[in-house]
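Asker: Sharing upload35.tsv below, TSV, C-alpha atoms and all ligand atoms:
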chain	number	residue	atom	x	y	z
A	1256	MET	CA	105.60	121.21	83.62
A	1257	LEU	CA	103.33	121.33	86.64
A	1258	ILE	CA	105.30	118.90	88.80
A	1259	GLN	CA	109.10	119.01	88.93
A	1260	PRO	CA	110.80	115.73	89.89
A	1261	ILE	CA	112.95	116.07	93.02
A	1262	ASP	CA	116.16	114.18	93.75
A	1263	TYR	CA	115.63	112.34	97.04
A	1264	ARG	CA	119.39	112.70	97.81
A	1265	SER	CA	119.41	116.51	97.54
A	1266	PRO	CA	119.99	118.41	100.82
A	1267	THR	CA	116.87	120.45	100.03
A	1268	ALA	CA	114.73	117.46	99.01
A	1269	ALA	CA	112.42	117.58	102.04
A	1270	GLN	CA	111.61	121.27	101.63
A	1271	GLN	CA	111.13	121.03	97.86
A	1272	PHE	CA	108.99	117.93	98.23
A	1273	ALA	CA	106.71	119.52	100.85
A	1274	ALA	CA	106.36	122.61	98.65
A	1275	SER	CA	105.37	120.47	95.66
A	1276	LEU	CA	102.76	118.64	97.75
A	1277	HIS	CA	101.41	121.93	99.07
A	1278	ASN	CA	101.18	123.48	95.59
A	1279	THR	CA	99.88	120.54	93.58
A	1280	GLY	CA	98.96	117.68	95.93
A	1281	PHE	CA	101.68	115.65	94.18
A	1282	GLY	CA	105.44	115.18	94.58
A	1283	VAL	CA	107.69	113.08	92.36
A	1284	LEU	CA	111.00	111.64	93.61
A	1285	THR	CA	113.99	110.35	91.68
A	1286	HIS	CA	116.89	108.35	93.17
A	1287	HIS	CA	114.71	107.15	96.04
A	1288	PRO	CA	115.61	104.02	98.04
A	1289	LEU	CA	112.86	101.66	96.80
A	1290	SER	CA	114.43	98.95	94.67
A	1291	GLN	CA	113.47	99.16	91.02
A	1292	ALA	CA	114.31	95.46	90.58
A	1293	LEU	CA	111.78	94.60	93.31
A	1294	VAL	CA	109.09	96.76	91.65
A	1295	GLU	CA	109.74	95.11	88.28
A	1296	GLN	CA	109.53	91.68	89.87
A	1297	VAL	CA	106.14	92.54	91.38
A	1298	TYR	CA	104.88	93.88	88.04
A	1299	ALA	CA	105.95	90.74	86.15
A	1300	GLU	CA	104.65	88.20	88.69
A	1301	TRP	CA	101.32	89.89	89.15
A	1302	LEU	CA	100.73	90.44	85.44
A	1303	ALA	CA	101.05	86.67	85.04
A	1304	PHE	CA	98.68	86.19	87.99
A	1305	PHE	CA	96.06	88.52	86.45
A	1306	LYS	CA	96.34	86.63	83.17
A	1307	SER	CA	95.65	83.33	84.97
A	1308	GLU	CA	92.37	81.86	86.14
A	1309	ALA	CA	93.81	81.42	89.66
A	1310	LYS	CA	92.84	85.01	90.47
A	1311	HIS	CA	89.20	83.92	90.76
A	1312	ASP	CA	90.10	81.77	93.77
A	1313	TYR	CA	90.79	84.99	95.68
A	1314	THR	CA	87.60	86.95	95.02
A	1315	PHE	CA	87.43	89.80	97.53
A	1316	ASP	CA	85.77	89.46	100.90
A	1317	PRO	CA	82.82	91.90	100.86
A	1318	ASP	CA	83.25	92.81	104.54
A	1319	LYS	CA	87.02	92.95	104.84
A	1320	LEU	CA	87.73	94.09	101.23
A	1321	ASP	CA	90.93	92.06	100.80
A	1322	GLY	CA	91.53	89.96	97.67
A	1323	TYR	CA	90.74	90.15	93.97
A	1324	PHE	CA	88.32	92.64	92.37
A	1325	SER	CA	87.43	91.74	88.76
A	1326	THR	CA	86.68	94.26	86.01
A	1327	GLU	CA	82.99	93.59	86.69
A	1328	MET	CA	83.42	94.45	90.38
A	1329	SER	CA	85.80	97.36	89.80
A	1330	GLU	CA	85.25	100.80	91.34
A	1331	THR	CA	83.04	103.53	89.98
A	1332	ALA	CA	84.64	106.88	90.87
A	1333	LYS	CA	82.45	109.35	92.78
A	1334	GLY	CA	80.43	111.30	90.18
A	1335	SER	CA	81.26	108.89	87.36
A	1336	SER	CA	78.65	106.68	85.71
A	1337	LYS	CA	80.90	103.94	84.33
A	1338	ARG	CA	83.09	101.40	86.05
A	1339	ASP	CA	86.82	101.90	85.63
A	1340	LEU	CA	88.55	99.62	83.09
A	1341	LYS	CA	90.67	97.83	85.65
A	1342	GLU	CA	91.00	94.79	87.87
A	1343	PHE	CA	93.00	94.77	91.08
A	1344	TYR	CA	94.07	92.91	94.18
A	1345	HIS	CA	94.07	94.34	97.71
A	1346	ILE	CA	96.94	93.21	99.93
A	1347	TYR	CA	96.64	93.80	103.68
A	1348	PRO	CA	99.05	92.45	106.31
A	1349	TRP	CA	96.27	90.24	107.68
A	1350	GLY	CA	94.63	89.44	104.33
A	1351	ARG	CA	94.79	86.63	101.81
A	1352	PHE	CA	97.88	86.46	99.61
A	1353	PRO	CA	98.06	84.37	96.42
A	1354	SER	CA	100.27	81.28	96.53
A	1355	GLN	CA	101.06	81.84	92.81
A	1356	VAL	CA	103.32	84.86	93.48
A	1357	SER	CA	106.45	85.30	95.59
A	1358	ASN	CA	106.76	87.44	98.71
A	1359	ALA	CA	108.11	90.36	96.62
A	1360	ALA	CA	104.89	92.36	97.01
A	1361	ARG	CA	104.93	91.85	100.79
A	1362	GLN	CA	108.54	92.96	100.89
A	1363	TYR	CA	107.63	96.02	98.84
A	1364	TYR	CA	104.77	96.76	101.26
A	1365	GLN	CA	107.21	96.85	104.17
A	1366	LEU	CA	109.84	99.00	102.43
A	1367	GLY	CA	107.18	101.35	101.02
A	1368	ALA	CA	105.60	101.87	104.46
A	1369	GLU	CA	109.03	102.67	105.96
A	1370	LEU	CA	109.81	105.24	103.26
A	1371	ALA	CA	106.34	106.74	103.65
A	1372	ALA	CA	106.99	107.29	107.36
A	1373	GLU	CA	110.07	109.34	106.45
A	1374	LEU	CA	108.14	111.31	103.82
A	1375	LEU	CA	105.44	112.06	106.38
A	1376	GLN	CA	108.14	113.49	108.63
A	1377	TRP	CA	109.16	115.79	105.80
A	1378	VAL	CA	105.56	116.83	105.33
A	1379	GLU	CA	105.22	117.52	109.04
A	1380	THR	CA	108.49	119.46	109.34
A	1381	TYR	CA	107.42	121.84	106.58
A	1382	SER	CA	103.85	122.32	107.76
A	1383	PRO	CA	103.25	125.90	108.95
A	1384	PRO	CA	103.42	126.00	112.78
A	1385	ALA	CA	99.69	126.73	113.14
A	1386	ILE	CA	98.85	123.64	111.05
A	1387	GLN	CA	101.46	121.51	112.79
A	1388	ALA	CA	100.01	122.40	116.19
A	1389	ARG	CA	96.68	120.85	115.17
A	1390	TYR	CA	98.06	117.40	114.28
A	1391	SER	CA	96.89	115.07	117.04
A	1392	MET	CA	100.28	113.28	116.91
A	1393	PRO	CA	103.31	113.23	114.59
A	1394	LEU	CA	102.06	112.24	111.11
A	1395	SER	CA	104.53	109.34	110.85
A	1396	GLU	CA	103.15	107.96	114.11
A	1397	MET	CA	99.60	107.90	112.70
A	1398	ILE	CA	100.56	105.00	110.40
A	1399	LYS	CA	102.83	103.17	112.85
A	1400	ASP	CA	101.84	99.47	113.08
A	1401	SER	CA	98.70	100.24	111.09
A	1402	GLN	CA	96.91	97.18	109.76
A	1403	GLN	CA	94.82	99.38	107.45
A	1404	THR	CA	97.59	100.36	105.01
A	1405	LEU	CA	96.69	98.84	101.66
A	1406	LEU	CA	98.87	97.75	98.74
A	1407	ARG	CA	96.76	97.63	95.60
A	1408	VAL	CA	98.17	95.77	92.62
A	1409	LEU	CA	96.36	97.18	89.61
A	1410	HIS	CA	96.02	95.69	86.15
A	1411	TYR	CA	94.51	97.75	83.35
A	1412	PRO	CA	93.88	95.19	80.59
A	1413	PRO	CA	94.56	95.92	76.91
A	1414	LEU	CA	91.66	97.78	75.29
A	1415	HIS	CA	89.67	96.01	72.59
A	1416	GLY	CA	87.88	99.03	71.16
A	1417	ASP	CA	84.44	97.86	72.29
A	1418	GLU	CA	84.62	99.60	75.68
A	1419	ASP	CA	81.92	102.10	76.52
A	1420	ALA	CA	82.99	105.48	75.09
A	1421	SER	CA	82.88	107.20	78.48
A	1422	ALA	CA	84.65	104.46	80.47
A	1423	MET	CA	88.22	105.21	81.54
A	1424	ARG	CA	91.08	103.22	83.01
A	1425	ALA	CA	90.61	105.34	86.13
A	1426	ALA	CA	88.05	108.15	86.14
A	1427	ALA	CA	88.87	111.39	87.97
A	1428	HIS	CA	89.03	110.79	91.73
A	1429	GLY	CA	90.81	111.74	94.94
A	1430	ASP	CA	92.36	109.14	97.25
A	1431	ILE	CA	90.74	108.62	100.65
A	1432	ASN	CA	93.84	107.84	102.71
A	1433	LEU	CA	96.64	109.93	104.29
A	1434	LEU	CA	99.36	109.62	101.64
A	1435	THR	CA	99.75	107.44	98.52
A	1436	ILE	CA	103.09	106.31	97.10
A	1437	LEU	CA	103.19	104.88	93.61
A	1438	PRO	CA	106.16	103.71	91.55
A	1439	ALA	CA	105.95	104.75	87.89
A	1440	ALA	CA	103.67	102.27	86.15
A	1441	THR	CA	104.54	100.10	83.15
A	1442	GLN	CA	102.85	102.65	80.89
A	1443	ALA	CA	102.06	106.39	80.89
A	1444	GLY	CA	98.56	107.74	81.49
A	1445	LEU	CA	98.46	109.28	84.99
A	1446	GLN	CA	97.25	112.88	84.99
A	1447	VAL	CA	96.51	115.42	87.70
A	1448	ILE	CA	94.26	118.44	87.64
A	1449	ALA	CA	95.81	121.86	88.39
A	1450	LYS	CA	94.24	124.81	90.18
A	1451	ASP	CA	93.26	126.30	86.79
A	1452	GLY	CA	91.25	123.16	85.95
A	1453	GLN	CA	93.71	121.91	83.30
A	1454	TRP	CA	94.92	118.30	83.21
A	1455	HIS	CA	98.68	117.70	83.32
A	1456	ASP	CA	100.74	114.53	82.86
A	1457	VAL	CA	102.40	113.39	86.08
A	1458	PRO	CA	106.12	112.77	85.39
A	1459	SER	CA	106.37	109.00	85.42
A	1460	ASP	CA	109.61	107.88	83.83
A	1461	PHE	CA	110.40	104.36	84.90
A	1462	GLY	CA	112.10	104.48	88.31
A	1463	MET	CA	110.36	107.62	89.57
A	1464	LEU	CA	108.22	107.50	92.70
A	1465	ILE	CA	104.97	109.45	92.65
A	1466	VAL	CA	103.51	110.60	95.96
A	1467	ASN	CA	100.13	112.23	96.46
A	1468	ILE	CA	98.07	113.61	99.30
A	1469	GLY	CA	94.87	111.79	100.22
A	1470	ASP	CA	91.68	113.21	101.72
A	1471	MET	CA	92.69	112.28	105.28
A	1472	LEU	CA	95.83	114.45	105.16
A	1473	ASP	CA	93.84	117.21	103.50
A	1474	GLU	CA	91.46	116.97	106.47
A	1475	ALA	CA	94.24	116.81	109.10
A	1476	SER	CA	96.15	119.75	107.56
A	1477	GLN	CA	92.99	121.82	107.02
A	1478	GLY	CA	93.63	121.90	103.30
A	1479	TYR	CA	97.27	123.04	103.51
A	1480	TYR	CA	98.17	119.79	101.74
A	1481	PRO	CA	95.40	119.34	99.16
A	1482	SER	CA	94.09	115.98	98.00
A	1483	THR	CA	94.20	116.51	94.25
A	1484	VAL	CA	91.98	114.86	91.68
A	1485	HIS	CA	93.78	112.54	89.27
A	1486	ARG	CA	92.89	110.02	86.57
A	1487	VAL	CA	94.39	107.41	84.24
A	1488	LEU	CA	93.80	108.04	80.55
A	1489	ASN	CA	93.00	105.32	78.05
A	1490	PRO	CA	95.96	104.72	75.75
A	1491	THR	CA	95.67	105.04	71.99
A	1492	GLY	CA	97.59	103.43	69.12
A	1493	ALA	CA	99.95	100.54	69.84
A	1494	ALA	CA	99.87	101.19	73.60
A	1495	ALA	CA	96.15	100.32	73.68
A	1496	LYS	CA	97.07	96.70	72.98
A	1497	GLN	CA	99.20	96.51	76.09
A	1498	SER	CA	98.41	96.00	79.74
A	1499	ARG	CA	99.28	98.64	82.29
A	1500	VAL	CA	100.33	97.55	85.80
A	1501	SER	CA	100.65	99.92	88.73
A	1502	LEU	CA	101.21	99.57	92.45
A	1503	PRO	CA	99.77	102.25	94.74
A	1504	LEU	CA	100.44	101.89	98.47
A	1505	PHE	CA	97.68	103.70	100.35
A	1506	LEU	CA	98.91	104.74	103.79
A	1507	HIS	CA	96.06	104.57	106.29
A	1508	PRO	CA	96.27	105.62	109.95
A	1509	ARG	CA	95.18	103.27	112.70
A	1510	PRO	CA	91.37	103.51	113.06
A	1511	GLU	CA	91.36	105.43	116.34
A	1512	VAL	CA	93.75	108.15	115.15
A	1513	VAL	CA	92.17	111.60	115.42
A	1514	LEU	CA	92.39	113.52	112.12
A	1515	SER	CA	90.44	116.63	113.05
A	1516	GLU	CA	87.72	117.88	115.37
A	1517	ARG	CA	85.20	116.17	113.10
A	1518	HIS	CA	86.87	112.87	112.35
A	1519	THR	CA	88.88	109.88	113.38
A	1520	ALA	CA	90.42	107.79	110.59
A	1521	GLN	CA	87.67	105.21	111.15
A	1522	SER	CA	84.73	107.64	110.95
A	1523	TYR	CA	86.23	109.29	107.88
A	1524	LEU	CA	86.83	106.03	106.05
A	1525	THR	CA	83.34	104.74	106.81
A	1526	GLU	CA	81.76	107.95	105.51
A	1527	ARG	CA	83.76	107.77	102.27
A	1528	LEU	CA	83.16	104.05	101.65
A	1529	ILE	CA	79.41	104.56	102.04
A	1530	GLU	CA	79.58	107.43	99.52
A	1531	LEU	CA	81.44	105.15	97.08
A	1532	GLY	CA	78.91	102.38	97.57
A	1533	ALA	CA	81.72	100.04	98.71
A	1534	ILE	CA	79.91	99.37	101.99
A	1535	LYS	CA	76.31	99.75	103.19
A	1536	LYS	CA	75.10	101.92	106.04
B	1601	LIG	O1	97.35	103.50	88.19
B	1601	LIG	C1	97.70	104.63	88.51
B	1601	LIG	O2	98.67	105.19	87.98
B	1601	LIG	C2	96.94	105.42	89.56
B	1601	LIG	C3	95.95	104.60	90.32
B	1601	LIG	C4	95.11	105.41	91.27
B	1601	LIG	O3	95.05	106.60	91.22
B	1601	LIG	C5	94.34	104.71	92.34
B	1601	LIG	O4	94.20	103.48	92.29
B	1601	LIG	O5	93.85	105.39	93.24
B	1602	FE	FE	94.22	107.41	93.03
How would this structure read if it were set down as structure tokens?

Answerer:
Amino acid sequence: MLIQPIDYRSPTAAQQFAASLHNTGFGVLTHHPLSQALVEQVYAEWLAFFKSEAKHDYTFDPDKLDGYFSTEMSETAKGSSKRDLKEFYHIYPWGRFPSQVSNAARQYYQLGAELAAELLQWVETYSPPAIQARYSMPLSEMIKDSQQTLLRVLHYPPLHGDEDASAMRAAAHGDINLLTILPAATQAGLQVIAKDGQWHDVPSDFGMLIVNIGDMLDEASQGYYPSTVHRVLNPTGAAAKQSRVSLPLFLHPRPEVVLSERHTAQSYLTERLIELGAIKK
């Protein structure tokens, strides 16, 4: 197995976790403090929301990018020709929030951001001194009070068999942000590419927490922590008739935070969103 799950409670968890992120761009935690009951509540409430027509009242704001993105408006990964087979909702602290769901997702946002700050401390502690010296501030401070951190509630609808042959639930991509944390989804399918170019399943038993490096941390650590390409496979057999729900929290620094000699978080994000066609020049 490419990625070994790590027990969050272990005295060597921080070191093992940082090593996993360095080697693969991914780290998987068991026995972490995020409440599984809360995650399940979010999955259930939001699945019902995605199955309702109410979602269309929250169509995303094209400038601010909060709100609901339908399958027709879904992302096309860089280098891919087909839209992903997914719909999703972007939750920001300042953004619109559906009245049809409880505050569970907002609560999760808060708890997830707190845990992420601790994980960033682990990442920092085990950065080689020469890399550490180049961080413009402690990594956990980069996300402090950030209004840019994004909770994406994702729904991959059941497949009907008439999808374009090359369209995927999520085509191969890297994340733009600093760090992503992702509770195991309601279904398998997440894969990561290894250094040898082979795809591997990411361990995702229910209750595990999957963490991956985004491009901004790759940039800030000069590649010591690599942003690794991942994808979500289309299910086959009985699983194809079921929805998949997942909940990535994308940790973004405050806009003015300096990532490297070349980039602030703001300049980096703008460059990437233009590349993705999400915003215009
Ligand atoms: O749904 C998943 O398991 C992963 C989603 C993902 O990689 C993303 O939205 O960036
Ligand atoms: Fe991703």

Asker: Return as a count of residues only every polymer residue, whether protein, DNA or RNA, with at least one atom no more than 10 Å from an atom of ligand FE 1602 (chain B); count only C-alpha atoms and all ligand atoms.

Answerer: 26

Asker: Just checking: using only C-alpha atoms, which residue out of A:Gln1362, A:Gln1403, A:Ser1265, A:Ser1290 ends up closest to A:Glu1511?

Answerer: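 Nearest candidate to A:Glu1511 out of A:Gln1362, A:Gln1403, A:Ser1265, A:Ser1290: A:Gln1403.
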
Asker: Looking at all atoms listed in the file, which of A:Leu1433, A:Ile1448, A:Ala1494, A:Leu1409 is the one that sits closest to ligand LIG 1601 (chain B)?

Answerer: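 Once distances to ligand LIG 1601 (chain B) are computed over all atoms listed in the file, the minimum belongs to A:Leu1409.
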
Asker: For A:Asp1473, which residue among A:Trp1301, A:Asp1321, A:Glu1526, A:His1277 is the nearest when counting only C-alpha atoms?

Answerer: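 Using only C-alpha atoms, A:Asp1473 sits closest to A:His1277.
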
Asker: Would you mind reading off the distance between atom CA of A:Phe1315 and atom CA of A:Ala1371, one decimal, in Å?

Answerer: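 If I compute the distance from atom CA of A:Phe1315 to atom CA of A:Ala1371, I get 26.1 Å.
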
Asker: Would you compute the box with edges along x, y and z of the file around ligand LIG 1601 (chain B), including every atom the file lists for it and 5 Å extra on each side, and give its centre and edge lengths in Å to one decimal, as AutoDock Vina command-line options?

Answerer:
--center_x 96.3 --center_y 105.0 --center_z 90.6 --size_x 14.8 --size_y 13.1 --size_z 15.3
